[in-house]
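For reference, upload.cif is printed below; it contains mmCIF, C-alpha atoms and all ligand atoms.
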```
data_data
loop_
_atom_site.label_atom_id
_atom_site.label_comp_id
_atom_site.auth_asym_id
_atom_site.auth_seq_id
_atom_site.Cartn_x
_atom_site.Cartn_y
_atom_site.Cartn_z
CA MET I 1 -0.32 -20.11 -4.39
CA GLN I 2 -1.99 -17.23 -6.20
CA ASN I 3 -1.69 -13.82 -4.59
CA GLU I 4 -3.77 -14.11 -1.42
CA TYR I 5 -3.68 -10.38 -0.73
CA THR I 6 -6.77 -8.36 -1.52
CA GLU I 7 -7.93 -5.21 0.24
CA GLU I 8 -11.16 -7.00 1.17
CA ARG I 9 -9.55 -10.12 2.65
CA LEU I 10 -7.03 -8.07 4.59
CA SER I 11 -9.53 -5.64 6.05
CA LEU I 12 -11.87 -8.49 7.06
CA ALA I 13 -9.07 -10.49 8.67
CA LEU I 14 -7.61 -7.52 10.54
CA ALA I 15 -10.86 -5.71 11.54
CA PRO I 16 -11.29 -3.48 13.50
CA ARG I 17 -7.64 -2.41 13.11
CA THR I 18 -6.98 0.68 11.00
CA MET I 19 -4.99 -0.52 8.02
CA ARG I 20 -3.70 0.49 4.62
CA TYR I 21 -2.95 -2.07 1.97
CA ILE I 22 -0.72 -0.75 -0.80
CA PRO I 23 0.21 -3.42 -3.36
CA SER I 24 3.56 -1.86 -4.25
CA VAL I 25 5.47 0.68 -2.15
CA GLY I 26 9.03 1.88 -1.71
CA SER I 27 9.15 1.00 1.99
CA THR I 28 6.19 0.38 4.31
CA ASN I 29 8.22 2.06 7.08
CA ASP I 30 8.36 5.29 5.09
CA ILE I 31 4.60 5.25 4.52
CA ALA I 32 4.00 4.48 8.20
CA VAL I 33 6.28 7.32 9.37
CA LYS I 34 4.35 9.77 7.17
CA TRP I 35 1.03 8.39 8.41
CA LEU I 36 2.22 8.64 12.03
CA ARG I 37 2.97 12.34 11.51
CA GLU I 38 -0.47 12.79 9.90
CA GLY I 39 -2.15 11.35 13.00
CA ALA I 40 -2.57 7.59 12.40
CA PRO I 41 -3.82 5.86 15.55
CA ASP I 42 -1.74 3.50 17.69
CA GLY I 43 -1.74 0.06 16.04
CA ALA I 44 -2.50 1.24 12.51
CA VAL I 45 -0.72 -0.98 10.02
CA VAL I 46 0.67 -0.52 6.51
CA ILE I 47 0.88 -3.72 4.45
CA ALA I 48 2.52 -4.14 1.08
CA ASP I 49 2.75 -7.03 -1.32
CA GLU I 50 5.94 -5.64 -2.87
CA GLN I 51 8.57 -3.20 -1.68
CA THR I 52 10.81 -1.57 -4.24
CA ALA I 53 13.05 0.18 -1.70
CA GLY I 54 12.64 -1.96 1.42
CA ARG I 55 15.04 -1.05 4.19
CA GLY I 56 16.93 -3.30 6.57
CA ARG I 57 19.06 -2.53 9.59
CA LEU I 58 22.38 -0.74 9.31
CA GLY I 59 21.34 0.94 6.06
CA ARG I 60 20.93 -2.32 4.16
CA THR I 61 18.42 -3.14 1.45
CA TRP I 62 15.54 -5.52 2.20
CA HIS I 63 14.14 -7.31 -0.85
CA THR I 64 10.39 -7.90 -1.04
CA PRO I 65 9.41 -9.14 -4.50
CA PRO I 66 5.66 -9.35 -5.22
CA GLY I 67 3.75 -12.27 -3.68
CA MET I 68 6.67 -13.56 -1.61
CA ALA I 69 6.67 -12.21 1.91
CA LEU I 70 5.03 -10.40 4.76
CA ALA I 71 6.09 -6.75 4.71
CA LEU I 72 4.33 -4.54 7.20
CA SER I 73 4.89 -1.54 9.43
CA VAL I 74 2.89 -0.79 12.54
CA VAL I 75 2.37 2.78 13.77
CA LEU I 76 2.79 3.01 17.53
CA ARG I 77 2.50 5.69 20.16
CA PRO I 78 4.67 4.48 23.03
CA SER I 79 6.12 6.63 25.79
CA PRO I 80 9.84 7.48 25.55
CA ALA I 81 10.54 4.85 28.24
CA GLN I 82 8.75 2.19 26.20
CA VAL I 83 10.19 2.85 22.76
CA GLY I 84 13.28 0.71 23.29
CA GLY I 85 11.09 -2.36 23.72
CA LEU I 86 9.66 -2.30 20.18
CA THR I 87 12.36 -4.60 18.83
CA MET I 88 11.73 -7.12 21.59
CA ALA I 89 7.97 -7.13 21.00
CA GLY I 90 8.49 -7.57 17.26
CA VAL I 91 10.90 -10.49 17.35
CA LEU I 92 9.00 -12.26 20.12
CA ALA I 93 5.75 -12.04 18.13
CA ILE I 94 7.44 -13.32 14.97
CA GLU I 95 9.13 -16.17 16.79
CA GLN I 96 5.80 -17.09 18.37
CA VAL I 97 3.87 -17.17 15.10
CA LEU I 98 6.61 -19.18 13.37
CA THR I 99 6.62 -21.64 16.27
CA THR I 100 2.95 -22.40 15.59
CA LEU I 101 3.99 -23.47 12.07
CA ASN I 102 6.49 -26.00 13.45
CA LEU I 103 9.49 -24.47 11.74
CA PRO I 104 12.66 -26.34 12.70
CA ASN I 105 15.36 -24.87 14.97
CA LEU I 106 13.91 -21.40 15.40
CA ARG I 107 16.15 -18.92 17.14
CA VAL I 108 16.04 -15.26 17.98
CA LYS I 109 19.34 -13.68 16.99
CA TRP I 110 20.34 -10.49 18.78
CA ALA I 111 19.12 -7.92 18.14
CA ASN I 112 16.40 -7.99 15.48
CA ASP I 113 16.46 -11.31 13.66
CA VAL I 114 14.70 -14.64 13.68
CA LEU I 115 16.63 -17.57 12.22
CA CYS I 116 15.39 -20.95 11.10
CA ASP I 117 18.00 -23.69 10.92
CA GLY I 118 20.67 -20.98 11.10
CA LEU I 119 19.22 -19.05 8.14
CA LYS I 120 17.55 -15.67 8.33
CA ILE I 121 13.79 -15.91 7.94
CA SER I 122 12.71 -12.59 9.40
CA GLY I 123 13.90 -9.20 10.59
CA VAL I 124 12.40 -6.17 12.26
CA LEU I 125 13.21 -2.51 11.79
CA PRO I 126 12.03 -0.22 14.60
CA GLU I 127 12.14 3.54 14.19
CA ALA I 128 11.51 6.21 16.80
CA ILE I 129 10.36 9.54 15.38
CA TRP I 130 11.26 12.64 17.36
CA ASP I 131 10.48 16.32 16.93
CA GLY I 132 13.35 17.77 18.93
CA ASP I 133 12.89 16.36 22.44
CA THR I 134 9.33 15.20 21.81
CA LEU I 135 8.64 11.64 20.78
CA VAL I 136 6.07 11.71 17.98
CA GLY I 137 5.79 7.92 17.99
CA GLY I 138 7.31 4.74 16.70
CA VAL I 139 7.11 2.55 13.63
CA LEU I 140 7.81 -1.15 13.80
CA GLY I 141 8.66 -2.65 10.42
CA MET I 142 8.50 -6.40 10.10
CA GLY I 143 9.54 -8.64 7.23
CA VAL I 144 8.99 -12.39 7.08
CA ASN I 145 10.13 -14.48 4.14
CA ILE I 146 7.19 -16.67 3.14
CA ARG I 147 8.05 -18.12 -0.24
CA ASN I 148 11.10 -16.20 -1.44
CA ASP I 149 13.45 -18.29 -3.51
CA PHE I 150 17.01 -17.35 -2.61
CA ALA I 151 18.70 -19.93 -4.86
CA GLY I 152 21.40 -18.30 -6.95
CA THR I 153 21.07 -14.94 -5.16
CA VAL I 154 23.56 -13.31 -2.80
CA LEU I 155 21.39 -14.57 0.06
CA ASP I 156 21.71 -18.22 -1.00
CA GLY I 157 22.84 -20.12 2.10
CA LEU I 158 22.08 -17.13 4.35
CA ALA I 159 18.30 -16.75 4.17
CA THR I 160 15.31 -19.05 4.00
CA SER I 161 11.52 -18.83 3.84
CA VAL I 162 8.57 -20.43 5.63
CA GLU I 163 7.34 -22.53 2.69
CA ALA I 164 10.85 -23.74 1.82
CA GLN I 165 11.10 -25.07 5.36
CA ILE I 166 7.68 -26.62 5.91
CA LYS I 167 7.09 -27.70 2.30
CA ARG I 168 3.47 -26.61 2.18
CA PRO I 169 1.69 -23.39 1.22
CA VAL I 170 0.68 -20.90 3.89
CA ASP I 171 -1.87 -18.14 3.66
CA ARG I 172 -0.21 -14.77 4.25
CA VAL I 173 -3.47 -13.12 5.37
CA SER I 174 -4.08 -15.64 8.18
CA LEU I 175 -0.44 -15.49 9.22
CA LEU I 176 -0.55 -11.71 9.34
CA ALA I 177 -3.67 -11.77 11.54
CA VAL I 178 -2.02 -14.17 14.00
CA LEU I 179 1.22 -12.17 13.95
CA LEU I 180 -0.59 -8.94 14.82
CA PHE I 181 -2.53 -10.72 17.55
CA HIS I 182 0.73 -11.83 19.22
CA LEU I 183 2.31 -8.44 18.59
CA ASP I 184 -0.53 -6.65 20.38
CA SER I 185 -0.05 -8.87 23.34
CA TRP I 186 3.72 -8.16 23.58
CA LEU I 187 3.16 -4.44 22.96
CA GLY I 188 0.79 -4.44 25.93
CA ARG I 189 3.87 -5.36 28.01
CA LEU I 190 6.16 -2.60 26.71
CA GLY I 191 8.32 -1.29 29.52
CA THR I 192 7.63 -4.30 31.77
CA GLU I 193 10.07 -6.79 33.21
CA MET I 194 8.04 -9.57 31.61
CA LEU I 195 8.92 -8.38 28.09
CA ALA I 196 12.62 -8.00 28.90
CA VAL I 197 12.77 -11.41 30.59
CA ALA I 198 11.03 -13.13 27.66
CA TYR I 199 13.51 -11.53 25.23
CA LYS I 200 16.49 -12.43 27.39
CA GLN I 201 15.27 -16.03 27.66
CA LYS I 202 15.24 -16.35 23.88
CA LEU I 203 18.84 -15.11 23.84
CA ALA I 204 20.03 -17.20 26.80
CA TYR I 205 21.92 -19.51 24.41
CA MET I 206 24.31 -16.61 23.65
CA ILE I 207 25.32 -15.91 27.23
CA GLY I 208 28.86 -17.09 27.93
CA GLN I 209 29.53 -17.55 24.20
CA PRO I 210 32.50 -16.00 22.38
CA ILE I 211 31.20 -13.72 19.65
CA MET I 212 32.33 -11.31 16.97
CA LEU I 213 30.29 -8.12 16.73
CA THR I 214 30.45 -6.03 13.59
CA ALA I 215 29.11 -2.51 13.94
CA GLY I 216 30.03 -0.35 10.97
CA GLN I 217 33.85 -0.21 10.80
CA ASP I 218 34.13 -1.40 14.34
CA ASP I 219 34.72 -5.14 14.93
CA VAL I 220 34.66 -6.30 18.52
CA SER I 221 35.42 -9.76 19.75
CA GLY I 222 34.43 -10.90 23.23
CA ILE I 223 32.23 -12.99 25.49
CA VAL I 224 28.52 -12.25 25.99
CA LEU I 225 27.85 -11.53 29.65
CA ASP I 226 24.24 -10.41 29.59
CA VAL I 227 21.25 -9.03 27.71
CA GLU I 228 19.94 -6.09 29.70
CA ALA I 229 16.35 -4.96 30.19
CA ASP I 230 16.75 -2.24 27.53
CA GLY I 231 17.97 -4.84 25.00
CA ALA I 232 21.67 -3.95 25.27
CA LEU I 233 24.16 -6.75 24.77
CA VAL I 234 26.87 -6.66 27.43
CA LEU I 235 30.24 -7.94 26.30
CA GLN I 236 33.54 -8.55 27.93
CA THR I 237 35.87 -7.76 25.08
CA ASP I 238 39.11 -9.68 24.47
CA ASP I 239 41.06 -6.86 26.12
CA SER I 240 38.81 -7.27 29.19
CA THR I 241 36.81 -4.08 28.75
CA LEU I 242 33.09 -4.13 29.49
CA ARG I 243 31.04 -2.94 26.52
CA ARG I 244 27.35 -2.36 26.20
CA VAL I 245 26.12 -2.39 22.58
CA TYR I 246 22.77 -1.67 21.01
CA ALA I 247 23.30 -2.48 17.34
CA GLY I 248 25.49 -4.58 15.12
CA ASP I 249 25.81 -8.02 13.61
CA VAL I 250 26.76 -10.84 15.91
CA THR I 251 28.46 -14.06 14.90
CA VAL I 252 28.77 -16.70 17.57
CA LYS I 253 32.29 -18.11 17.20
CA LYS I 254 32.69 -21.85 17.00
CA SER I 255 34.56 -23.22 20.00
CA GLY I 256 38.28 -23.31 19.33
CA ALA I 257 37.97 -20.50 16.73
C1 LIG W 301 16.66 -6.37 9.06
O1 LIG W 301 16.71 -7.55 9.43
O2 LIG W 301 17.63 -5.81 8.57
C2 LIG W 301 15.35 -5.65 9.20
C3 LIG W 301 14.45 -5.92 8.03
C4 LIG W 301 13.11 -5.21 8.14
C5 LIG W 301 12.31 -5.36 6.88
C6 LIG W 301 10.93 -4.81 7.02
S1 LIG W 301 9.90 -5.25 5.66
C7 LIG W 301 8.68 -4.12 6.18
C8 LIG W 301 9.40 -2.89 6.70
N1 LIG W 301 9.65 -1.94 5.63
C9 LIG W 301 10.95 -1.80 5.40
O3 LIG W 301 11.44 -1.05 4.51
N2 LIG W 301 11.66 -2.58 6.21
C10 LIG W 301 10.81 -3.30 7.14
#
```

So, in terms of structure tokens, how does the structure I just supplied come out?
Ligand code: BTN
Amino acid sequence: MQNEYTEERLSLALAPRTMRYIPSVGSTNDIAVKWLREGAPDGAVVIADEQTAGRGRLGRTWHTPPGMALALSVVLRPSPAQVGGLTMAGVLAIEQVLTTLNLPNLRVKWANDVLCDGLKISGVLPEAIWDGDTLVGGVLGMGVNIRNDFAGTVLDGLATSVEAQIKRPVDRVSLLAVLLFHLDSWLGRLGTEMLAVAYKQKLAYMIGQPIMLTAGQDDVSGIVLDVEADGALVLQTDDSTLRRVYAGDVTVKKSGA
């Protein structure tokens, strides 16, 4: 499909939302953080066709070649009590929009990922911006692989894209509009039990499972006991300590492993 993104199509599809379309950026999150500080309104969105320095969780790189993906960052003005829910709202909205496309075996993977058939199809990168003790606001970065070809790359066998799964072209502008519609609805529930319960339900398959958590240098092996209302994963580690974690990579161990 030819590049569906034009300033005109995007602003029509997303009206009346305040938006900036920048064909090529370093990272949409960086632009959104700057815009937040300059006074962008709640819900303003930065969209890029290409990112040359896209950022993933845990300091990783996120590749967004031109024409291949959704890469966007939403400026938000939550209260300090609500800011922890941004990840939940983001992954729930992505999972919901991908469900409408009938992608097979969709799963939310704690904490920020959506998988399709066990392969990563999307990730979110929330950032809270503080001036000392004052919360300036939040930025919710979202990346969805639409037609990336991972064959022969380091992500071969680890990542997939929407079109590779459903074998037909999708229009990124329409998908973006639906994604933001669902996102608004989850963001309206920030700080509520409903949001936390919906997130926990998507992760219910992990409860009781033996997992390996990698967080920086620190590898922890244990059983998942719970996903708490603030998004924390509660683990009983192999040495029977209770641990509450907020970030890291989780691998569910195969039984007997
Ligand atoms: C992850 O799974 O590691 C999070 C990936 C988040 C990627 C998105 S793409 C749009 C926004 N801009 C960035 O630099 N990163 C996020």

Skip Leu233 (chain I) itself and residues of its chain fewer than 4 positions away, then list as a CSV table (one decimal) with C-alpha atoms, keeping the file's coordinate frame all residues within 6 Å of it, counting all atoms listed in the file.
```
chain,number,residue,atom,x,y,z
I,227,VAL,CA,21.2,-9.0,27.7
I,244,ARG,CA,27.4,-2.4,26.2
I,245,VAL,CA,26.1,-2.4,22.6
```

Open item on the list: For a quick check of understanding, using only C-alpha atoms and all ligand atoms, which of I:Lys254, I:His63, I:Lys202, I:Arg57 has the smallest distance to ligand LIG 301 (chain W)?
Closed with: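 Nearest to ligand LIG 301 (chain W): I:Arg57.
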
Task: Contact residues around region 104-116 of chain I with only C-alpha atoms at 8 Å, ignoring same-chain residues under 3 positions, as a list in words - done: Thr87, Met88, Val91, Leu92, Ile94, Glu95, Leu98, Thr99, Leu119, Lys120, Ile121, Ser122, Gly123, Val124, Leu125, Thr160, Gln165, Lys202, Leu203, Gly231, Tyr246, Ala247, Gly248, Asp249 and Val250 of chain I

Task: Expected selection as a VMD selection string for ligand LIG 301 (chain W) within 6 Å, all atoms listed in the file - done: chain I and resid 27 to 29 54 to 57 62 71 to 73 113 123 to 125 141 to 143

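When CA of Val33 (chain I) is paired with CA of Tyr21 (chain I), their separation reads 15.1 Å.
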
Task: Selected residue of minimal separation from Ala93 (chain I) among I:Gly188, I:Gly208, I:Gly222, I:Pro80, counting all atoms listed in the file - done: I:Gly188

Task: Atom pair CA of Glu127 (chain I) / CA of Leu140 (chain I): separation (Å) - done: 6.4 Å

Task: Gap from CA of Leu36 (chain I) to CA of Asp171 (chain I) - Å, one decimal - done: 28.4 Å

Open item on the list: So, with all atoms listed in the file as the atoms that count, which of I:Thr52, I:Gln201, I:Ser221, I:Thr251 lies closest to Asp239 (chain I)?
Closed with: I:Ser221

Task: Residues within 7 Å of (24.7, 3.0, 10.9), file coords, all atoms listed in the file, listed as a list in words - done: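 The residues that fall inside the cut-off are Leu58, Gly59 and Gly216 of chain I.
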
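The smallest atom-to-atom distance between Tyr205 (chain I) and any of I:Ala164, I:Leu183, I:Ala53, I:Val252, using only C-alpha atoms, is found for I:Val252.
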
TODO: Please identify all polymer residues within 9 Å of Gly84 (chain I), counting only C-alpha atoms, omitting same-chain residues fewer than 6 positions from it, and present them as an NGL selection string.
DONE: :I and (126 or 128 or 190-191 or 230-231)

Open item on the list: With distances taken over only C-alpha atoms, which residue among I:Arg37, I:Arg17, I:Arg172, I:Arg77 lies nearest Val97 (chain I)?
Closed with: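 Closest residue, counting only C-alpha atoms: I:Arg172.
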
If the box runs along x, y and z of the file and leaves 6 Å on each side of region 195-201 of chain I, what are its centre and edge lengths in Å, one decimal, as lines of an AutoDock Vina configuration file?
```
center_x = 12.7
center_y = -12.0
center_z = 27.9
size_x = 19.6
size_y = 20.0
size_z = 17.4
```

Open item on the list: Let me make sure I understand: among I:Lys253, I:Thr64, I:Leu213, I:Lys167, which one has the smallest atom-to-atom distance to Gly26 (chain I) if we use only C-alpha atoms?
Closed with: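 Checking each candidate against Gly26 (chain I), we get I:Thr64 as the closest.
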
Could you list, as a PDB file with C-alpha atoms, keeping the file's coordinate frame, every residue within 7 Å of Val25 (chain I), counting all atoms listed in the file and ignoring same-chain residues fewer than 4 positions away?
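As a result, out.pdb now contains:
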```
ATOM      1  CA  ALA I  48       2.520  -4.140   1.080  1.00  0.00           C
ATOM      2  CA  GLU I  50       5.940  -5.640  -2.870  1.00  0.00           C
ATOM      3  CA  GLN I  51       8.570  -3.200  -1.680  1.00  0.00           C
ATOM      4  CA  THR I  52      10.810  -1.570  -4.240  1.00  0.00           C
TER       5      THR I  52
END
```

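Excluding Ser174 (chain I) itself and same-chain residues fewer than 2 positions from it, the residues having an atom within 12 Å of it are Glu4, Tyr5, Arg9, Leu10, Ser11, Leu12, Ala13, Leu14, Leu70, Val97, Leu101, Pro169, Val170, Asp171, Arg172, Leu176, Ala177, Val178, Leu179, Leu180 and Phe181 of chain I, counting all atoms listed in the file.
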